[in-house]
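Visitor: Have a peek at upload_21.cif (mmCIF, C-alpha atoms and all ligand atoms).
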data_entry
loop_
_atom_site.label_atom_id
_atom_site.label_comp_id
_atom_site.auth_asym_id
_atom_site.auth_seq_id
_atom_site.Cartn_x
_atom_site.Cartn_y
_atom_site.Cartn_z
CA MET A 99 0.00 0.00 0.00
CA ALA A 100 2.81 2.41 0.87
CA THR A 101 4.58 1.72 -2.41
CA THR A 102 1.35 2.19 -4.36
CA ALA A 103 0.75 5.51 -2.57
CA MET A 104 4.25 6.85 -3.27
CA LEU A 105 4.29 5.68 -6.87
CA GLY A 106 0.74 6.94 -7.39
CA ALA A 107 1.54 10.40 -5.98
CA ALA A 108 4.50 10.71 -8.35
CA ALA A 109 2.42 9.55 -11.32
CA VAL A 110 -0.53 11.85 -10.51
CA GLY A 111 1.77 14.75 -9.60
CA SER A 112 3.49 14.60 -12.96
CA GLY A 113 0.22 14.27 -14.85
CA LEU A 114 0.93 10.73 -16.09
CA VAL A 115 -2.35 9.37 -14.71
CA PRO A 116 -5.62 10.97 -13.57
CA PRO A 117 -6.31 10.99 -9.80
CA ILE A 118 -9.02 8.29 -9.87
CA GLY A 119 -9.99 7.31 -6.33
CA CYS A 120 -8.55 10.49 -4.76
CA VAL A 121 -11.48 12.07 -2.93
CA SER A 122 -9.62 15.32 -2.28
CA THR A 123 -9.55 16.07 -6.03
CA ARG A 124 -13.35 16.20 -6.28
CA PRO A 125 -14.77 19.62 -7.26
CA ASP A 126 -16.32 19.90 -3.77
CA PHE A 127 -12.81 20.48 -2.42
CA ALA A 128 -11.67 22.94 -5.08
CA PRO A 129 -11.97 25.94 -2.70
CA VAL A 130 -9.77 24.23 -0.09
CA ALA A 131 -6.03 24.90 -0.12
CA LEU A 132 -4.46 21.46 -0.19
CA ALA A 133 -0.85 20.57 -0.98
CA GLY A 134 -0.37 19.52 -4.60
CA PHE A 135 0.50 15.90 -5.34
CA ASP A 136 3.76 17.15 -6.81
CA GLU A 137 4.57 18.86 -3.49
CA LEU A 138 4.33 15.69 -1.41
CA VAL A 139 7.63 14.18 -0.29
CA PHE A 140 7.88 10.76 1.29
CA GLY A 141 9.98 9.06 3.91
CA GLY A 142 9.30 6.09 6.10
CA HIS A 143 10.34 3.22 8.27
CA GLU A 144 10.46 -0.36 7.08
CA LEU A 145 11.32 -3.80 8.36
CA VAL A 146 12.81 -5.06 5.09
CA ASP A 147 15.29 -3.48 2.69
CA THR A 148 13.68 -4.20 -0.70
CA SER A 149 13.99 -1.07 -2.87
CA LEU A 150 10.86 0.82 -3.87
CA LEU A 151 11.64 0.25 -7.53
CA LYS A 152 11.75 -3.48 -6.98
CA ARG A 153 8.52 -3.38 -5.02
CA ALA A 154 6.92 -1.32 -7.78
CA GLU A 155 7.96 -3.96 -10.31
CA GLN A 156 6.40 -6.63 -8.08
CA LEU A 157 3.17 -4.59 -8.17
CA VAL A 158 3.29 -4.57 -11.97
CA HIS A 159 3.59 -8.33 -11.85
CA ALA A 160 0.59 -8.45 -9.48
CA ARG A 161 -1.48 -6.31 -11.95
CA VAL A 162 -1.78 -3.47 -9.42
CA VAL A 163 0.39 -1.01 -11.37
CA PRO A 164 0.44 -0.53 -15.17
CA PRO A 165 3.56 -1.89 -16.90
CA GLY A 166 6.07 0.85 -17.65
CA LEU A 167 4.82 3.25 -14.96
CA PRO A 168 7.59 2.54 -12.37
CA ALA A 169 10.27 3.46 -14.94
CA LEU A 170 8.56 6.80 -15.62
CA VAL A 171 8.69 7.81 -11.94
CA GLU A 172 11.99 6.12 -11.14
CA SER A 173 13.69 9.30 -9.89
CA ASP A 174 10.82 9.94 -7.41
CA LEU A 175 11.03 6.37 -6.15
CA ARG A 176 14.80 6.64 -5.73
CA ALA A 177 14.39 9.93 -3.82
CA ALA A 178 11.83 8.33 -1.49
CA ASP A 179 14.11 5.32 -1.01
CA GLU A 180 16.81 7.68 0.28
CA GLU A 181 14.40 8.62 3.09
CA ILE A 182 13.36 5.12 4.12
CA ARG A 183 15.13 3.65 7.15
CA LEU A 184 14.99 0.44 9.06
CA SER A 185 12.47 0.88 11.88
CA PRO A 186 14.23 1.43 15.22
CA MET A 187 11.47 -0.69 16.78
CA ALA A 188 13.35 -3.68 15.36
CA THR A 189 16.68 -2.82 16.94
CA ALA A 190 16.43 -0.32 19.82
CA GLY A 191 17.03 -1.68 23.30
CA ASP A 192 14.12 -0.04 25.08
CA GLN A 193 10.96 1.87 24.27
CA ARG A 194 12.25 5.25 25.39
CA SER A 195 15.29 5.06 23.10
CA ALA A 196 13.22 3.71 20.16
CA ILE A 197 10.84 6.66 20.52
CA GLY A 198 13.81 9.03 20.77
CA ASP A 199 15.25 7.60 17.53
CA VAL A 200 11.95 8.16 15.70
CA ILE A 201 11.69 11.74 16.99
CA THR A 202 15.24 12.49 15.84
CA ASP A 203 14.53 10.99 12.45
CA LEU A 204 11.29 12.98 11.98
CA GLU A 205 12.90 16.26 13.00
CA ASP A 206 15.88 15.61 10.76
CA PHE A 207 13.59 14.73 7.81
CA ARG A 208 11.58 17.94 8.25
CA ARG A 209 14.70 20.13 8.59
CA ARG A 210 16.75 18.66 5.72
CA LEU A 211 13.87 18.72 3.26
CA GLU A 212 12.59 22.07 4.55
CA LEU A 213 9.04 20.77 4.95
CA ASP A 214 6.16 22.77 6.42
CA THR A 215 4.38 19.75 7.85
CA VAL A 216 5.24 16.10 8.28
CA VAL A 217 2.18 13.86 8.62
CA VAL A 218 2.94 10.43 10.07
CA ILE A 219 0.60 7.75 8.68
CA ASN A 220 0.61 4.23 10.07
CA VAL A 221 0.14 1.70 7.27
CA SER A 222 1.98 -1.15 8.97
CA SER A 223 0.60 -4.59 9.83
CA THR A 224 -2.40 -4.73 12.16
CA GLU A 225 -1.45 -5.36 15.80
CA ALA A 226 -3.37 -7.45 18.31
CA PRO A 227 -5.44 -5.36 20.77
CA ILE A 228 -3.77 -4.42 24.07
CA PRO A 229 -5.51 -4.70 27.44
CA TYR A 230 -7.86 -1.78 27.97
CA GLY A 231 -7.18 0.76 30.73
CA LEU A 232 -3.61 -0.08 31.78
CA PRO A 233 -2.60 2.35 34.57
CA GLN A 234 0.64 3.37 32.84
CA HIS A 235 -1.40 4.62 29.83
CA ALA A 236 -3.94 6.53 31.91
CA SER A 237 -2.12 9.87 31.90
CA LEU A 238 0.91 11.46 30.32
CA ARG A 239 2.58 11.62 33.68
CA ALA A 240 2.05 7.93 34.32
CA LEU A 241 3.35 7.09 30.85
CA LEU A 242 6.49 9.20 31.25
CA ARG A 243 7.21 7.46 34.54
CA ALA A 244 6.61 4.05 32.98
CA LEU A 245 8.93 4.88 30.07
CA ASP A 246 11.66 5.76 32.59
CA GLU A 247 11.07 2.53 34.47
CA GLY A 248 10.83 0.39 31.32
CA THR A 249 7.24 -0.67 32.08
CA ALA A 250 5.34 1.36 29.45
CA ALA A 251 4.37 -1.71 27.35
CA LEU A 252 3.37 0.45 24.39
CA PRO A 253 2.57 -1.30 21.11
CA ASP A 254 4.69 -0.10 18.17
CA SER A 255 1.79 1.93 16.74
CA SER A 256 1.55 3.91 20.00
CA MET A 257 5.31 4.43 20.13
CA TYR A 258 5.07 5.97 16.66
CA ALA A 259 2.08 8.07 17.71
CA TYR A 260 4.01 9.25 20.76
CA ALA A 261 7.07 10.12 18.65
CA ALA A 262 5.01 11.87 15.98
CA LEU A 263 3.09 14.04 18.42
CA SER A 264 6.27 14.87 20.37
CA ALA A 265 7.98 15.95 17.13
CA ASP A 266 4.98 18.17 16.30
CA CYS A 267 3.81 15.91 13.48
CA PRO A 268 0.10 15.07 13.07
CA TYR A 269 -0.56 11.32 13.28
CA VAL A 270 -3.00 9.21 11.23
CA ASP A 271 -3.77 5.57 11.88
CA PHE A 272 -4.90 3.75 8.75
CA THR A 273 -4.91 0.47 10.72
CA PRO A 274 -7.03 -0.81 13.62
CA SER A 275 -3.96 -0.81 15.90
CA THR A 276 -3.97 1.16 19.16
CA GLY A 277 -1.95 4.14 17.85
CA ALA A 278 -2.91 7.38 19.57
CA ARG A 279 -5.99 5.86 21.29
CA LEU A 280 -4.63 6.05 24.83
CA PRO A 281 -5.55 8.73 27.38
CA ALA A 282 -1.86 9.57 27.80
CA LEU A 283 -1.47 10.23 24.08
CA ALA A 284 -4.69 12.27 23.87
CA GLU A 285 -3.14 14.41 26.60
CA LEU A 286 0.11 14.67 24.66
CA ALA A 287 -1.75 15.74 21.49
CA ALA A 288 -3.63 18.39 23.47
CA GLU A 289 -0.40 19.63 25.05
CA ARG A 290 1.39 19.84 21.67
CA ARG A 291 -1.79 21.12 19.91
CA MET A 292 -1.46 18.37 17.30
CA PRO A 293 -4.29 16.82 15.25
CA TYR A 294 -4.67 13.05 14.85
CA ALA A 295 -7.05 10.83 12.91
CA GLY A 296 -8.10 7.17 12.56
CA HIS A 297 -8.88 4.34 12.63
CA ASP A 298 -8.64 1.70 9.96
CA GLY A 299 -9.17 2.73 6.35
CA LYS A 300 -12.65 2.01 5.03
CA THR A 301 -11.77 0.60 1.63
CA GLY A 302 -13.98 -2.29 0.59
CA GLU A 303 -16.58 -4.41 2.33
CA THR A 304 -17.12 -1.86 5.10
CA LEU A 305 -17.37 0.94 2.55
CA VAL A 306 -20.31 -0.83 0.87
CA LYS A 307 -21.87 -1.62 4.25
CA SER A 308 -21.73 2.06 5.20
CA VAL A 309 -24.00 2.82 2.23
CA LEU A 310 -26.34 -0.16 2.58
CA ALA A 311 -26.85 -0.18 6.34
CA PRO A 312 -28.27 3.38 6.45
CA MET A 313 -30.59 2.39 3.57
CA PHE A 314 -32.09 -0.44 5.63
CA ALA A 315 -32.35 1.81 8.68
CA GLN A 316 -33.99 4.70 6.80
CA ARG A 317 -36.52 2.37 5.14
CA ALA A 318 -37.35 0.90 8.58
CA LEU A 319 -36.30 -2.56 7.38
CA ARG A 320 -34.71 -4.83 9.97
CA PRO A 321 -31.55 -6.75 9.10
CA LEU A 322 -31.69 -9.89 11.25
CA SER A 323 -28.30 -11.23 10.30
CA TRP A 324 -25.43 -9.76 8.34
CA SER A 325 -22.67 -12.24 7.58
CA GLY A 326 -19.53 -11.04 5.86
CA THR A 327 -16.84 -13.34 4.51
CA ASN A 328 -13.55 -11.75 3.49
CA LEU A 329 -11.01 -13.69 1.43
CA LEU A 330 -7.65 -12.03 1.03
CA GLY A 331 -3.98 -12.82 0.47
CA GLY A 332 -0.71 -10.91 0.53
CA GLY A 333 0.93 -9.63 3.69
CA ASP A 334 -2.42 -8.51 5.06
CA GLY A 335 -3.95 -11.97 4.62
CA ALA A 336 -0.97 -13.57 6.38
CA THR A 337 -1.10 -11.03 9.22
CA LEU A 338 -4.84 -11.46 9.74
CA ALA A 339 -4.42 -15.23 9.87
CA GLU A 340 -3.09 -14.64 13.40
CA PRO A 341 -6.09 -14.73 15.75
CA GLY A 342 -5.05 -11.79 17.97
CA ARG A 343 -4.47 -9.49 15.01
CA ALA A 344 -7.66 -10.68 13.33
CA ASP A 345 -9.53 -9.69 16.51
CA SER A 346 -8.48 -6.04 16.06
CA LYS A 347 -9.71 -6.05 12.46
CA ILE A 348 -12.97 -7.84 13.27
CA GLN A 349 -13.79 -5.45 16.12
CA SER A 350 -13.16 -2.52 13.81
CA LYS A 351 -15.28 -3.98 10.99
CA ARG A 352 -18.15 -4.80 13.36
CA ARG A 353 -18.52 -1.42 15.03
CA MET A 354 -20.73 0.13 12.38
CA LEU A 355 -23.79 -2.16 12.42
CA ALA A 356 -23.99 -2.10 16.20
CA GLU A 357 -24.11 1.71 16.10
CA ILE A 358 -26.47 2.11 13.12
CA PHE A 359 -29.25 -0.26 14.17
CA ASP A 360 -31.15 0.06 17.40
CA HIS A 361 -32.03 -3.63 17.39
CA GLU A 362 -29.74 -6.63 17.78
CA THR A 363 -28.39 -8.02 14.49
CA HIS A 364 -26.58 -11.33 14.19
CA ASP A 365 -23.44 -9.74 12.84
CA ALA A 366 -20.58 -12.05 11.83
CA VAL A 367 -17.33 -11.12 10.11
CA HIS A 368 -15.00 -13.87 8.88
CA ILE A 369 -11.53 -13.30 7.46
CA HIS A 370 -9.71 -16.04 5.55
CA ASN A 371 -6.17 -15.95 4.24
CA VAL A 372 -6.07 -17.16 0.64
CA PRO A 373 -2.40 -16.63 -0.37
CA ASP A 374 -3.16 -17.03 -4.08
CA LEU A 375 -5.33 -13.91 -4.03
CA GLY A 376 -2.24 -11.76 -3.32
CA ASP A 377 -3.25 -8.12 -3.15
CA TRP A 378 -6.81 -8.86 -4.29
CA LYS A 379 -9.72 -9.29 -1.98
CA THR A 380 -13.15 -10.83 -2.30
CA ALA A 381 -15.91 -10.02 0.18
CA TRP A 382 -19.24 -11.79 0.09
CA ASP A 383 -21.98 -10.42 2.31
CA HIS A 384 -25.25 -12.16 3.01
CA ILE A 385 -27.95 -10.02 4.63
CA MET A 386 -31.20 -11.52 5.83
CA PHE A 387 -33.76 -8.85 6.66
CA GLU A 388 -37.33 -8.54 7.77
CA GLY A 389 -39.96 -6.35 6.12
CA PHE A 390 -43.66 -5.43 6.65
CA LEU A 391 -45.63 -8.17 8.48
CA GLY A 392 -42.36 -9.92 9.28
CA VAL A 393 -41.72 -11.22 5.77
CA ARG A 394 -38.09 -12.34 5.37
CA MET A 395 -35.94 -11.34 2.42
CA THR A 396 -32.28 -11.62 1.46
CA MET A 397 -29.72 -9.42 -0.14
CA GLN A 398 -26.23 -10.51 -1.13
CA PHE A 399 -23.30 -8.69 -2.65
CA THR A 400 -19.84 -9.62 -3.79
CA TRP A 401 -17.01 -7.11 -3.82
CA GLN A 402 -13.77 -7.86 -5.60
CA GLY A 403 -11.21 -5.18 -5.01
CA CYS A 404 -7.52 -4.50 -5.18
CA ASP A 405 -6.61 -3.46 -1.64
CA SER A 406 -3.59 -1.30 -2.46
CA ALA A 407 -5.37 0.55 -5.26
CA LEU A 408 -8.33 1.24 -2.98
CA ALA A 409 -6.29 2.30 0.03
CA ALA A 410 -3.40 4.26 -1.52
CA PRO A 411 -5.45 7.24 -2.80
CA LEU A 412 -7.11 7.55 0.61
CA VAL A 413 -3.69 7.67 2.26
CA LEU A 414 -2.80 10.57 -0.05
CA ASP A 415 -6.13 12.28 0.69
CA LEU A 416 -5.50 11.96 4.41
CA ALA A 417 -2.01 13.41 4.09
CA ARG A 418 -3.44 16.42 2.23
CA PHE A 419 -6.41 16.99 4.55
CA VAL A 420 -4.48 16.49 7.77
CA ALA A 421 -1.65 18.76 6.65
CA ALA A 422 -4.25 21.44 5.86
CA ALA A 423 -5.90 20.91 9.26
CA HIS A 424 -2.54 21.31 10.97
CA ARG A 425 -1.86 24.50 9.05
CA ALA A 426 -5.30 25.79 10.08
CA GLY A 427 -4.44 25.16 13.74
CA ARG A 428 -6.83 22.21 14.27
CA HIS A 429 -5.82 19.83 17.01
CA GLY A 430 -7.12 16.78 18.85
CA PRO A 431 -9.05 13.91 17.19
CA LEU A 432 -10.30 14.84 13.70
CA SER A 433 -13.74 13.23 13.84
CA ASP A 434 -14.77 15.00 10.61
CA LEU A 435 -12.50 12.58 8.75
CA ALA A 436 -14.81 9.68 9.71
CA PHE A 437 -15.61 9.23 6.00
CA PHE A 438 -12.25 7.48 5.59
CA PHE A 439 -12.45 5.07 8.51
CA LYS A 440 -14.18 1.90 9.71
CA ASP A 441 -13.74 2.82 13.36
CA PRO A 442 -13.78 6.61 13.38
CA LEU A 443 -12.50 8.63 16.32
CA GLY A 444 -14.95 10.75 18.25
CA THR A 445 -18.19 10.06 16.35
CA ARG A 446 -20.89 7.42 15.99
CA GLU A 447 -21.81 8.54 12.46
CA HIS A 448 -21.07 5.70 10.01
CA GLY A 449 -23.35 6.52 7.05
CA LEU A 450 -21.10 7.34 4.10
CA ASP A 451 -23.31 10.10 2.75
CA ARG A 452 -23.53 12.01 6.01
CA GLN A 453 -19.82 11.49 6.62
CA TYR A 454 -19.10 12.96 3.20
CA GLU A 455 -21.25 16.03 3.85
CA ARG A 456 -19.46 16.52 7.13
CA LEU A 457 -16.08 16.19 5.45
CA VAL A 458 -16.94 18.83 2.83
CA HIS A 459 -18.26 21.23 5.45
CA TRP A 460 -15.19 20.74 7.65
CA ALA A 461 -12.74 21.10 4.76
CA HIS A 462 -14.33 24.37 3.69
CA GLY A 463 -13.70 25.68 7.19
CA LEU A 464 -9.95 25.10 6.81
CA GLY A 465 -9.55 28.14 4.62
CA GLY A 466 -8.43 28.60 1.07
CA GLU A 467 -5.07 30.34 1.18
CA SER A 468 -2.33 28.89 -0.94
CA ALA A 469 -0.85 25.58 0.29
O1 LIG B 1 -12.55 -2.03 4.16
P1 LIG B 1 -12.85 -3.49 4.31
O2 LIG B 1 -12.90 -4.21 3.00
O3 LIG B 1 -13.99 -3.74 5.18
O4 LIG B 1 -11.61 -4.11 5.11
C1 LIG B 1 -10.39 -4.42 4.45
C2 LIG B 1 -10.09 -5.84 4.61
O5 LIG B 1 -11.04 -6.75 4.66
C3 LIG B 1 -9.10 -5.98 3.53
O6 LIG B 1 -9.17 -6.81 2.56
C4 LIG B 1 -7.83 -5.73 4.21
O7 LIG B 1 -6.73 -5.95 3.40
C5 LIG B 1 -7.82 -4.38 4.68
O8 LIG B 1 -6.98 -4.40 5.79
C6 LIG B 1 -9.17 -3.74 4.99
O9 LIG B 1 -9.28 -3.48 6.32
#
Can you give me the file's structure in the form of structure tokens?

Guide:
Amino acid sequence: MATTAMLGAAAVGSGLVPPIGCVSTRPDFAPVALAGFDELVFGGHELVDTSLLKRAEQLVHARVVPPGLPALVESDLRAADEEIRLSPMATAGDQRSAIGDVITDLEDFRRRLELDTVVVINVSSTEAPIPYGLPQHASLRALLRALDEGTAALPDSSMYAYAALSADCPYVDFTPSTGARLPALAELAAERRMPYAGHDGKTGETLVKSVLAPMFAQRALRPLSWSGTNLLGGGDGATLAEPGRADSKIQSKRRMLAEIFDHETHDAVHIHNVPDLGDWKTAWDHIMFEGFLGVRMTMQFTWQGCDSALAAPLVLDLARFVAAAHRAGRHGPLSDLAFFFKDPLGTREHGLDRQYERLVHWAHGLGGESA
């Protein structure tokens, strides 16, 4: 997904391809001052050292990227490669020093490249949930003490959120991992006046559900059971084959129905790793619902999507919107970005249409001076 986003930004920025799938390019956002695709610069942390060009070629092979495109943006990919480091989470001795390394890296990146804003976006593998309400995460003070004592027990996503906010970088979680969702980190964001957004990009099955579920609710029809089966491969499929990590994803995917309907629905989400599918995903949803006089009916849909191609443009949208929010002085959880997420921060609104209206309204409030 990260490679697709970087390659896609270079291709869109140089006019080689149209920005299909990039919400921020819709006419509704024309009055909003957003950074141009050609102004975005990328850096990142990785666990492997495969070059971006090689990864891009693998994406061509997987039919995600058109043949010939990586060669046309080779210099952009090489420039981004220069800014990709091995994650200190893999090597640092303790959490405090790993966080310190990330802060140094972010500050150095911003200074060397003379950037106005650095938005940190988590697109790494989904983590298992952590126990809720640990005392060392309850306040910034408790967390600082725990970091000194080596008892902080932060998941990697939260270490990155901590580092980002401390380095005055807005943080976005495109995954269902914990990230900034700890009271201590909310306090840190408030103290640093930094915005943050999440959680878990709404790219496929959940996107369709967020259109259909409000339809059933508004027509006063009662879904009795909604069973979703997700078949996927690639790194995501392998990650979600681990039960703990799958739990995070399933919780995130299930939140919407529980909050849209005021009756109990038998709501099941299954995720299966099918390595041969690679970056492609099939979701099959079976909805049994009740109408007037209790008559039972069924609706089914099948979604076949390319995960990277669906997610990458949203990652670019989020970078543009969150950078603009930061410039406009917004801070705290950006609940108006719910449109992009399965498990949105700070709101119970899941209907896509209403989320879109809210996004447009919010974006217009960011101002229209030049980016
Ligand atoms: O948006 P959605 O299709 O409900 O959920 C998606 C998954 O099922 C998908 O295939 C996976 O790769 C992504 O992590 C994403 O979360």

Visitor: Would you mind listing what lies within 12 Å of Pro431 in chain A as a ChimeraX atom specification, with only C-alpha atoms counted and same-chain residues fewer than 4 positions away left out?

Guide: /A:268-271,278-281,283-288,291-297,420,423-424,435-436,442-445

Visitor: Keeping only C-alpha atoms, write those residues as a compact mmCIF listing (two decimals), in the frame of the given file.

Guide:
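Output contents, as saved in selection22.txt:
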# COMPACT_ATOMS: atom_id res chain seq x y z
CA PRO A 268 0.10 15.07 13.07
CA TYR A 269 -0.56 11.32 13.28
CA VAL A 270 -3.00 9.21 11.23
CA ASP A 271 -3.77 5.57 11.88
CA ALA A 278 -2.91 7.38 19.57
CA ARG A 279 -5.99 5.86 21.29
CA LEU A 280 -4.63 6.05 24.83
CA PRO A 281 -5.55 8.73 27.38
CA LEU A 283 -1.47 10.23 24.08
CA ALA A 284 -4.69 12.27 23.87
CA GLU A 285 -3.14 14.41 26.60
CA LEU A 286 0.11 14.67 24.66
CA ALA A 287 -1.75 15.74 21.49
CA ALA A 288 -3.63 18.39 23.47
CA ARG A 291 -1.79 21.12 19.91
CA MET A 292 -1.46 18.37 17.30
CA PRO A 293 -4.29 16.82 15.25
CA TYR A 294 -4.67 13.05 14.85
CA ALA A 295 -7.05 10.83 12.91
CA GLY A 296 -8.10 7.17 12.56
CA HIS A 297 -8.88 4.34 12.63
CA VAL A 420 -4.48 16.49 7.77
CA ALA A 423 -5.90 20.91 9.26
CA HIS A 424 -2.54 21.31 10.97
CA LEU A 435 -12.50 12.58 8.75
CA ALA A 436 -14.81 9.68 9.71
CA PRO A 442 -13.78 6.61 13.38
CA LEU A 443 -12.50 8.63 16.32
CA GLY A 444 -14.95 10.75 18.25
CA THR A 445 -18.19 10.06 16.35

Visitor: For the atom pair CA of Gly134 in chain A and CA of Ile118 in chain A, what is the interatomic distance in Å to one decimal place?

Guide: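 Rounded to one decimal, the two atoms are 15.1 Å apart.
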
Visitor: Can you pull out the residues contacting range 173-179 of chain A? Cut-off 8 Å, using only C-alpha atoms, and skip same-chain residues under 2 positions away; I want them as a ChimeraX atom specification.

Guide: /A:104-105,108,139-141,149-151,171,181-182

Visitor: Between CA of Glu447 in chain A and atom O6 of ligand LIG 1 (chain B), what is the spacing in Å?

Guide: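 Separating atom O6 of ligand LIG 1 (chain B) from CA of Glu447 in chain A is a distance of 22.2 Å.
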
Visitor: Excluding same-chain residues fewer than 2 positions from Ser275 in chain A, what lies within 8 Å of it counting only C-alpha atoms, as a ChimeraX atom specification?

Guide: /A:224-227,255,271,273,277,297-298,346

Visitor: Mind dumping the selected residues with C-alpha atoms as a tab-separated table (two decimals), in the coordinates of the input?

Guide:
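Once everything was written out, this is selection36.tsv:
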chain	number	residue	atom	x	y	z
A	224	THR	CA	-2.40	-4.73	12.16
A	225	GLU	CA	-1.45	-5.36	15.80
A	226	ALA	CA	-3.37	-7.45	18.31
A	227	PRO	CA	-5.44	-5.36	20.77
A	255	SER	CA	1.79	1.93	16.74
A	271	ASP	CA	-3.77	5.57	11.88
A	273	THR	CA	-4.91	0.47	10.72
A	277	GLY	CA	-1.95	4.14	17.85
A	297	HIS	CA	-8.88	4.34	12.63
A	298	ASP	CA	-8.64	1.70	9.96
A	346	SER	CA	-8.48	-6.04	16.06

Visitor: So for ligand LIG 1 (chain B), what box centre and size do we get, axis-aligned, 3 Å extra on each of the six sides, every listed atom, Å to one decimal, as JSON?

Guide:
{"center_x": -10.4, "center_y": -4.4, "center_z": 4.4, "size_x": 13.3, "size_y": 10.8, "size_z": 9.8}

Visitor: Would you work out the distance separating CA of Gly299 in chain A from CA of Thr400 in chain A, expressed in Å to one decimal?

Guide: 19.2 Å

Visitor: Using only C-alpha atoms and all ligand atoms, which residues have at least one atom no more than 9 Å from ligand LIG 1 (chain B)? Output them as a PyMOL selection string.

Guide: chain A and resi 223-224+272-274+298-307+327-335+338+347-348+350-351+369+377-381+401+403-406+408-409+439-440

Visitor: Excluding Asp365 in chain A and any residue of its chain fewer than 5 positions from it, enumerate the residues within 10 Å of it, using only C-alpha atoms, and give them as a list in words.

Guide: Pro321, Leu322, Ser323, Trp324, Ser325, Gly326, Arg352, Arg353, Leu355, Ala356 and Ile385 of chain A

Visitor: From the options A:Ser256, A:Asp441, A:Leu319, A:Ser122, which residue's atoms come nearest to Met386 in chain A, counting all atoms listed in the file?

Guide: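 Result for the nearest residue to Met386 in chain A: A:Leu319.
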
Visitor: Hey, what's within 7 Å of Phe399 in chain A if we count all atoms listed in the file and toss same-chain stuff fewer than 5 positions away? As a VMD selection string, please?

Guide: chain A and resid 382 to 384

Visitor: Take the point (1.1, 10.9, -14.7) in the file's coordinates, draw a sphere of radius 12 Å around it, and report as a list of chain:residue names every protein, DNA or RNA residue with an atom inside or on it, counting all atoms listed in the file.

Guide: A:Leu105, A:Gly106, A:Ala107, A:Ala108, A:Ala109, A:Val110, A:Gly111, A:Ser112, A:Gly113, A:Leu114, A:Val115, A:Pro116, A:Pro117, A:Ile118, A:Phe135, A:Asp136, A:Pro164, A:Gly166, A:Leu167, A:Pro168, A:Ala169, A:Leu170, A:Val171
